[in-house]
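Everything on this sheet refers to the single structure shown next.
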Amino acid sequence: MEWKIDDSRPIWPQIKEQLMRDIVAGKYPMGSPFPTVRDLAEDAKVNRNTMQRALSELENEGLVITNRTSGRTVTMDENLIKLTRGKIAKEKIVSFRQEMEDMGFTMEEIISLMRGSDSDVEKGE
Amino acid sequence: MNTNALVECRGLGKSFNGRIALQNVDLTLGRGKVIGLLGPNGSGKTTLIKILNGLLQPTTGTCAISGAMPGTYTKSIISYLPDKSYFADWMKVNDLLDMFEGFYMDFDRAKAETMCGYLGIHPTDRIKEMSKGTREKIQLILVMSRNAELYLLDEPIAGVDPAARDYILNTIINNYNEEGTILISTHLITDIEKILDEVVFLREGRVIRHEAVDDIRMREGKSIDELFKEDFRMVPIYEGGEMR
């Protein structure tokens, strides 16, 4: 997997966010076994404590379940996945909107740009 | 002293013929961590590592590893990678494995053999006939095949190409005893930043910073590499020593 780690922020939240996105995107299907800390740490080239911390956070949020006998699995809670998906989308939209507004676009312009229907904005007229 | 700590240094100092290499170092390192010992050339990294494993006697102060002064016992729980190779040319890989097996109770020979196998290194290969990079990899394999409490790695990635560097870092993070702590000295910070829990900055023999990497990133909003460049910025001196 491709891991993108930004230098200016702590590493574990970035790892957690990437894993969250992969869970809601179905890369780790509901109820399927989740890779071990060791394997994930090796793949991301981070130390195991960092990966452990990211996984503990996912466990706290219920996205990943630890079973005593069979290791970790992805949650079966469809509703939780939907909620998480919505939350991530909202965060993305807020930051996107902020960036666009910083460049002087109005909400209407942003929407029509996204629909691909407003040629005026693109032409700069 | 706090016996839960793995390494405990108090007022540690070392001078060589009056030239100060370390001064007044107070340092406590916990267990189960990967810690970077960072500082420019000549800041005292190697001196500190050599004191910790008993190769040098401190001029002042004390240090303890797992509650014990450096000595025979601490050598049995410390796995040390020196900054130079000390293998004799005539030795074969098998001789090295025998040597480590004889010296260290915690040496896992099967593991070392497997790791050599992955690299295509044969037990009857001679040290003399190996490239510098291969020698360094073997030395690291031996050191990381011990189930030590403390791994002291002095410049493990200096002077090797980027691919070998990746191999070395992977070997380090995948093979250490999980309750053990790794102290890695280096000035190549970008390459190891992601695998560190904590950093210790040394300047002119003093500890000027000892913090968790994520705390630094959180507070400063920058990488350890950038912070290092700020902490150790050198002011260029122009002609005649005058600043313009």
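Letters A, B, ... go to the chains of the structure tokens in the order shown; residues in each chain start at 1; ligands are counted from 1 in the same order.
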Task: Test item, helix (DSSP H, G or I) assignment across stretch 63-101 of chain B, answer as a ChimeraX atom specification - done: /B:72-77,93-101
May I have a table of the residues of chain A lying at most 8 Å from chain B, giving each one's closest pair of atoms and their distance in Å to one decimal, counting only C-alpha atoms, ordered by chain and ascending residue number, as a tab-separated table?
```
residue	atom	partner	partner_atom	distance
A:Asp7	CA	B:Ser223	CA	5.0
A:Ser8	CA	B:Lys222	CA	4.1
A:Arg9	CA	B:Arg217	CA	5.2
A:Pro10	CA	B:Asp214	CA	4.6
A:Ile11	CA	B:Asp214	CA	6.7
A:Trp12	CA	B:Asp214	CA	8.0
A:Arg38	CA	B:Asn174	CA	7.6
A:Glu42	CA	B:Asn174	CA	6.9
A:Lys45	CA	B:Ile195	CA	6.8
A:Val46	CA	B:Ile195	CA	4.5
A:Asn47	CA	B:Ile195	CA	4.5
A:Arg48	CA	B:Ile173	CA	7.8
A:Asn49	CA	B:Asp197	CA	7.5
A:Thr50	CA	B:Asp197	CA	7.6
```
Output for the residues just chosen: N, CA, C and O atoms as an mmCIF file, in the first residue's frame:
```cif
data_model
loop_
_atom_site.group_PDB
_atom_site.id
_atom_site.type_symbol
_atom_site.label_atom_id
_atom_site.label_comp_id
_atom_site.auth_asym_id
_atom_site.auth_seq_id
_atom_site.Cartn_x
_atom_site.Cartn_y
_atom_site.Cartn_z
ATOM 1 N N ASP A 7 5.459 15.554 6.829
ATOM 2 C CA ASP A 7 6.470 15.820 7.862
ATOM 3 C C ASP A 7 6.026 16.741 8.986
ATOM 4 O O ASP A 7 6.625 16.757 10.043
ATOM 5 N N SER A 8 4.991 17.520 8.724
ATOM 6 C CA SER A 8 4.705 18.582 9.680
ATOM 7 C C SER A 8 3.700 18.157 10.753
ATOM 8 O O SER A 8 3.341 18.954 11.598
ATOM 9 N N ARG A 9 3.231 16.910 10.692
ATOM 10 C CA ARG A 9 2.263 16.453 11.693
ATOM 11 C C ARG A 9 2.747 15.156 12.332
ATOM 12 O O ARG A 9 3.488 14.404 11.713
ATOM 13 N N PRO A 10 2.256 14.881 13.566
ATOM 14 C CA PRO A 10 2.588 13.599 14.178
ATOM 15 C C PRO A 10 2.219 12.448 13.243
ATOM 16 O O PRO A 10 1.280 12.567 12.447
ATOM 17 N N ILE A 11 2.949 11.349 13.346
ATOM 18 C CA ILE A 11 2.757 10.261 12.390
ATOM 19 C C ILE A 11 1.520 9.422 12.678
ATOM 20 O O ILE A 11 0.771 9.088 11.763
ATOM 21 N N TRP A 12 1.272 9.098 13.956
ATOM 22 C CA TRP A 12 0.181 8.145 14.201
ATOM 23 C C TRP A 12 -1.194 8.607 13.728
ATOM 24 O O TRP A 12 -1.942 7.789 13.188
ATOM 25 N N ARG A 38 2.759 -5.668 13.307
ATOM 26 C CA ARG A 38 4.072 -5.928 12.740
ATOM 27 C C ARG A 38 4.092 -5.772 11.219
ATOM 28 O O ARG A 38 4.944 -5.081 10.663
ATOM 29 N N GLU A 42 5.839 -2.695 9.127
ATOM 30 C CA GLU A 42 6.865 -2.984 8.133
ATOM 31 C C GLU A 42 6.506 -2.343 6.797
ATOM 32 O O GLU A 42 7.337 -1.745 6.129
ATOM 33 N N LYS A 45 6.857 1.354 7.033
ATOM 34 C CA LYS A 45 8.211 1.728 7.480
ATOM 35 C C LYS A 45 8.177 2.688 8.665
ATOM 36 O O LYS A 45 8.895 3.679 8.713
ATOM 37 N N VAL A 46 7.306 2.390 9.598
ATOM 38 C CA VAL A 46 7.277 3.168 10.846
ATOM 39 C C VAL A 46 7.512 2.183 11.983
ATOM 40 O O VAL A 46 7.467 0.970 11.782
ATOM 41 N N ASN A 47 7.753 2.693 13.178
ATOM 42 C CA ASN A 47 7.999 1.746 14.242
ATOM 43 C C ASN A 47 6.697 1.199 14.810
ATOM 44 O O ASN A 47 5.625 1.745 14.599
ATOM 45 N N ARG A 48 6.810 0.063 15.478
ATOM 46 C CA ARG A 48 5.601 -0.661 15.900
ATOM 47 C C ARG A 48 4.788 0.106 16.924
ATOM 48 O O ARG A 48 3.570 -0.005 16.958
ATOM 49 N N ASN A 49 5.457 0.877 17.777
ATOM 50 C CA ASN A 49 4.710 1.667 18.768
ATOM 51 C C ASN A 49 3.775 2.661 18.086
ATOM 52 O O ASN A 49 2.655 2.886 18.520
ATOM 53 N N THR A 50 4.284 3.260 17.000
ATOM 54 C CA THR A 50 3.478 4.222 16.247
ATOM 55 C C THR A 50 2.258 3.532 15.644
ATOM 56 O O THR A 50 1.132 4.028 15.740
#
```
Open item on the list: Just list as number ranges by chain whatever in stretch 62-101 of chain A DSSP marks as strand (DSSP E or B).
Closed with: A: 64-67, 71-74
With N, CA, C and O atoms retained, could you export that selection as an mmCIF file, in the first residue's frame?
```
data_model
loop_
_atom_site.group_PDB
_atom_site.id
_atom_site.type_symbol
_atom_site.label_atom_id
_atom_site.label_comp_id
_atom_site.auth_asym_id
_atom_site.auth_seq_id
_atom_site.Cartn_x
_atom_site.Cartn_y
_atom_site.Cartn_z
ATOM 1 N N VAL A 64 -12.183 -1.263 14.336
ATOM 2 C CA VAL A 64 -11.455 -2.520 14.343
ATOM 3 C C VAL A 64 -11.723 -3.201 15.687
ATOM 4 O O VAL A 64 -11.765 -2.540 16.716
ATOM 5 N N ILE A 65 -11.958 -4.495 15.636
ATOM 6 C CA ILE A 65 -12.283 -5.240 16.853
ATOM 7 C C ILE A 65 -11.155 -6.217 17.157
ATOM 8 O O ILE A 65 -10.653 -6.892 16.255
ATOM 9 N N THR A 66 -10.747 -6.260 18.420
ATOM 10 C CA THR A 66 -9.747 -7.250 18.797
ATOM 11 C C THR A 66 -10.432 -8.447 19.430
ATOM 12 O O THR A 66 -11.171 -8.311 20.395
ATOM 13 N N ASN A 67 -10.184 -9.612 18.846
ATOM 14 C CA ASN A 67 -10.727 -10.851 19.414
ATOM 15 C C ASN A 67 -9.596 -11.576 20.100
ATOM 16 O O ASN A 67 -8.484 -11.601 19.588
ATOM 17 N N GLY A 71 -7.218 -12.606 16.621
ATOM 18 C CA GLY A 71 -6.588 -11.369 16.187
ATOM 19 C C GLY A 71 -7.602 -10.274 15.896
ATOM 20 O O GLY A 71 -8.747 -10.342 16.353
ATOM 21 N N ARG A 72 -7.195 -9.304 15.111
ATOM 22 C CA ARG A 72 -8.092 -8.178 14.831
ATOM 23 C C ARG A 72 -8.925 -8.412 13.578
ATOM 24 O O ARG A 72 -8.435 -8.987 12.605
ATOM 25 N N THR A 73 -10.172 -7.911 13.623
ATOM 26 C CA THR A 73 -10.994 -7.938 12.420
ATOM 27 C C THR A 73 -11.642 -6.571 12.232
ATOM 28 O O THR A 73 -11.730 -5.787 13.172
ATOM 29 N N VAL A 74 -12.093 -6.317 11.005
ATOM 30 C CA VAL A 74 -12.810 -5.081 10.724
ATOM 31 C C VAL A 74 -14.226 -5.213 11.275
ATOM 32 O O VAL A 74 -14.810 -6.298 11.248
#
```
TODO: Would you kindly return, as a ChimeraX atom specification, each protein, DNA or RNA residue with an atom no farther than 12 Å from any atom of B:Leu27, considering only C-alpha atoms and excluding same-chain residues fewer than 6 positions away?
DONE: /B:2,5-13,37,48,52,61-65,199-202,206-211
Output N, CA and C atoms of each residue in that selection to a file, as a short mmCIF file (atom, residue, chain, number, x, y, z; two decimals), in the first residue's frame.
```cif
data_model
loop_
_atom_site.label_atom_id
_atom_site.label_comp_id
_atom_site.auth_asym_id
_atom_site.auth_seq_id
_atom_site.Cartn_x
_atom_site.Cartn_y
_atom_site.Cartn_z
N ASN B 2 15.84 5.13 39.68
CA ASN B 2 14.63 4.52 39.17
C ASN B 2 15.00 3.24 38.40
N ALA B 5 13.74 2.32 34.71
CA ALA B 5 14.38 2.88 33.53
C ALA B 5 15.43 1.89 33.04
N LEU B 6 15.63 1.88 31.72
CA LEU B 6 16.64 0.98 31.17
C LEU B 6 18.02 1.62 31.29
N VAL B 7 18.08 2.90 30.95
CA VAL B 7 19.35 3.61 31.04
C VAL B 7 19.16 4.83 31.92
N GLU B 8 20.11 5.03 32.80
CA GLU B 8 20.02 6.15 33.74
C GLU B 8 21.42 6.78 33.84
N CYS B 9 21.55 8.00 33.34
CA CYS B 9 22.85 8.69 33.44
C CYS B 9 22.67 9.92 34.32
N ARG B 10 23.62 10.12 35.23
CA ARG B 10 23.56 11.28 36.12
C ARG B 10 24.89 12.02 36.11
N GLY B 11 24.85 13.27 35.69
CA GLY B 11 26.04 14.11 35.71
C GLY B 11 27.22 13.52 34.95
N LEU B 12 26.90 12.79 33.89
CA LEU B 12 27.95 12.09 33.16
C LEU B 12 28.85 13.06 32.39
N GLY B 13 30.17 12.86 32.53
CA GLY B 13 31.11 13.71 31.80
C GLY B 13 32.32 12.90 31.37
N LEU B 37 19.83 9.17 18.56
CA LEU B 37 20.84 9.98 19.24
C LEU B 37 21.45 10.85 18.16
N LEU B 48 29.29 8.82 24.20
CA LEU B 48 28.20 8.40 25.08
C LEU B 48 27.92 6.90 24.91
N LEU B 52 28.24 3.89 27.69
CA LEU B 52 27.12 3.01 28.03
C LEU B 52 27.49 1.54 27.95
N GLY B 61 30.47 11.58 37.09
CA GLY B 61 29.10 11.09 37.03
C GLY B 61 29.00 9.57 36.96
N THR B 62 27.74 9.10 36.83
CA THR B 62 27.50 7.66 36.82
C THR B 62 26.51 7.31 35.72
N CYS B 63 26.52 6.05 35.31
CA CYS B 63 25.44 5.57 34.46
C CYS B 63 25.13 4.12 34.83
N ALA B 64 23.88 3.74 34.66
CA ALA B 64 23.45 2.39 34.98
C ALA B 64 22.56 1.88 33.87
N ILE B 65 22.71 0.61 33.54
CA ILE B 65 21.85 -0.03 32.55
C ILE B 65 21.09 -1.13 33.28
N VAL B 199 13.77 11.42 20.39
CA VAL B 199 15.09 11.88 19.95
C VAL B 199 15.84 12.52 21.11
N VAL B 200 17.16 12.34 21.08
CA VAL B 200 18.05 13.03 22.01
C VAL B 200 19.00 13.84 21.14
N PHE B 201 19.04 15.16 21.36
CA PHE B 201 19.97 16.01 20.61
C PHE B 201 21.19 16.29 21.48
N LEU B 202 22.36 16.07 20.91
CA LEU B 202 23.60 16.39 21.62
C LEU B 202 24.28 17.56 20.92
N ARG B 206 26.65 18.15 25.37
CA ARG B 206 25.52 18.30 26.28
C ARG B 206 24.23 17.83 25.61
N VAL B 207 23.30 17.34 26.43
CA VAL B 207 21.98 17.00 25.91
C VAL B 207 21.16 18.28 25.87
N ILE B 208 20.78 18.72 24.67
CA ILE B 208 20.02 19.96 24.60
C ILE B 208 18.53 19.69 24.36
N ARG B 209 18.18 18.42 24.10
CA ARG B 209 16.78 18.12 23.83
C ARG B 209 16.57 16.63 24.00
N HIS B 210 15.50 16.23 24.66
CA HIS B 210 15.13 14.82 24.74
C HIS B 210 13.61 14.78 24.79
N GLU B 211 12.99 14.42 23.68
CA GLU B 211 11.54 14.51 23.57
C GLU B 211 10.98 13.42 22.66
#
```
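For B:Asn175, the residues within 12 Å (counting only C-alpha atoms, excluding itself and residues fewer than 5 positions away along the chain) are Arg38, Glu42, Asn47 and Arg48 of chain A; Asp108, Lys111, Ala112, Met115, Leu140, Ile141, Leu142, Val143, Met144, Ser145, Arg146, Asn147, Ala148, Tyr151, Tyr167, Ile168, Leu169, Asn170, Gly180, Thr181 and Ile182 of chain B.
As for atom CA of B:Arg31 and atom CA of A:Ala54, they are spaced 19.8 Å apart.
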Would you mind listing what lies within 7 Å of stretch 127-132 of chain B as an mmCIF file with N, CA, C and O atoms, in the first residue's frame, with only C-alpha atoms counted and same-chain residues fewer than 2 positions away left out?
```cif
data_model
loop_
_atom_site.group_PDB
_atom_site.id
_atom_site.type_symbol
_atom_site.label_atom_id
_atom_site.label_comp_id
_atom_site.auth_asym_id
_atom_site.auth_seq_id
_atom_site.Cartn_x
_atom_site.Cartn_y
_atom_site.Cartn_z
ATOM 1 N N ASP B 89 39.910 -10.412 8.532
ATOM 2 C CA ASP B 89 39.769 -10.759 7.118
ATOM 3 C C ASP B 89 39.678 -12.255 6.847
ATOM 4 O O ASP B 89 38.982 -12.690 5.948
ATOM 5 N N TRP B 90 40.418 -13.028 7.647
ATOM 6 C CA TRP B 90 40.480 -14.465 7.358
ATOM 7 C C TRP B 90 39.186 -15.192 7.741
ATOM 8 O O TRP B 90 38.975 -16.334 7.367
ATOM 9 N N MET B 91 38.302 -14.527 8.483
ATOM 10 C CA MET B 91 37.124 -15.210 9.008
ATOM 11 C C MET B 91 36.103 -15.531 7.918
ATOM 12 O O MET B 91 35.976 -14.816 6.930
ATOM 13 N N LYS B 92 35.386 -16.609 8.152
ATOM 14 C CA LYS B 92 34.243 -16.933 7.308
ATOM 15 C C LYS B 92 32.983 -16.584 8.099
ATOM 16 O O LYS B 92 33.039 -16.417 9.323
ATOM 17 N N VAL B 93 31.832 -16.551 7.400
ATOM 18 C CA VAL B 93 30.580 -16.227 8.068
ATOM 19 C C VAL B 93 30.340 -17.184 9.242
ATOM 20 O O VAL B 93 29.933 -16.781 10.327
ATOM 21 N N ASP B 125 31.336 -18.287 3.068
ATOM 22 C CA ASP B 125 31.882 -17.081 2.414
ATOM 23 C C ASP B 125 32.912 -16.414 3.322
ATOM 24 O O ASP B 125 32.751 -16.374 4.538
ATOM 25 N N THR B 134 28.147 -5.429 2.125
ATOM 26 C CA THR B 134 27.784 -6.753 2.631
ATOM 27 C C THR B 134 28.331 -6.952 4.038
ATOM 28 O O THR B 134 27.655 -7.478 4.919
ATOM 29 N N ARG B 135 29.581 -6.514 4.263
ATOM 30 C CA ARG B 135 30.163 -6.637 5.605
ATOM 31 C C ARG B 135 29.316 -5.907 6.639
ATOM 32 O O ARG B 135 29.068 -6.410 7.723
ATOM 33 N N GLU B 136 28.872 -4.709 6.257
ATOM 34 C CA GLU B 136 28.070 -3.938 7.211
ATOM 35 C C GLU B 136 26.736 -4.615 7.485
ATOM 36 O O GLU B 136 26.238 -4.609 8.599
#
```
Open item on the list: Please list as an NGL selection string every residue within 9 Å of A:Met76, counting only C-alpha atoms and excluding residues in the same chain fewer than 3 positions away.
Closed with: :A and (29-32 or 63 or 73 or 79-81)
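The closest residue to B:Leu152, picked from B:Met99, B:Ile138, B:Leu188, B:Ile51 and counting only C-alpha atoms, is B:Ile51.
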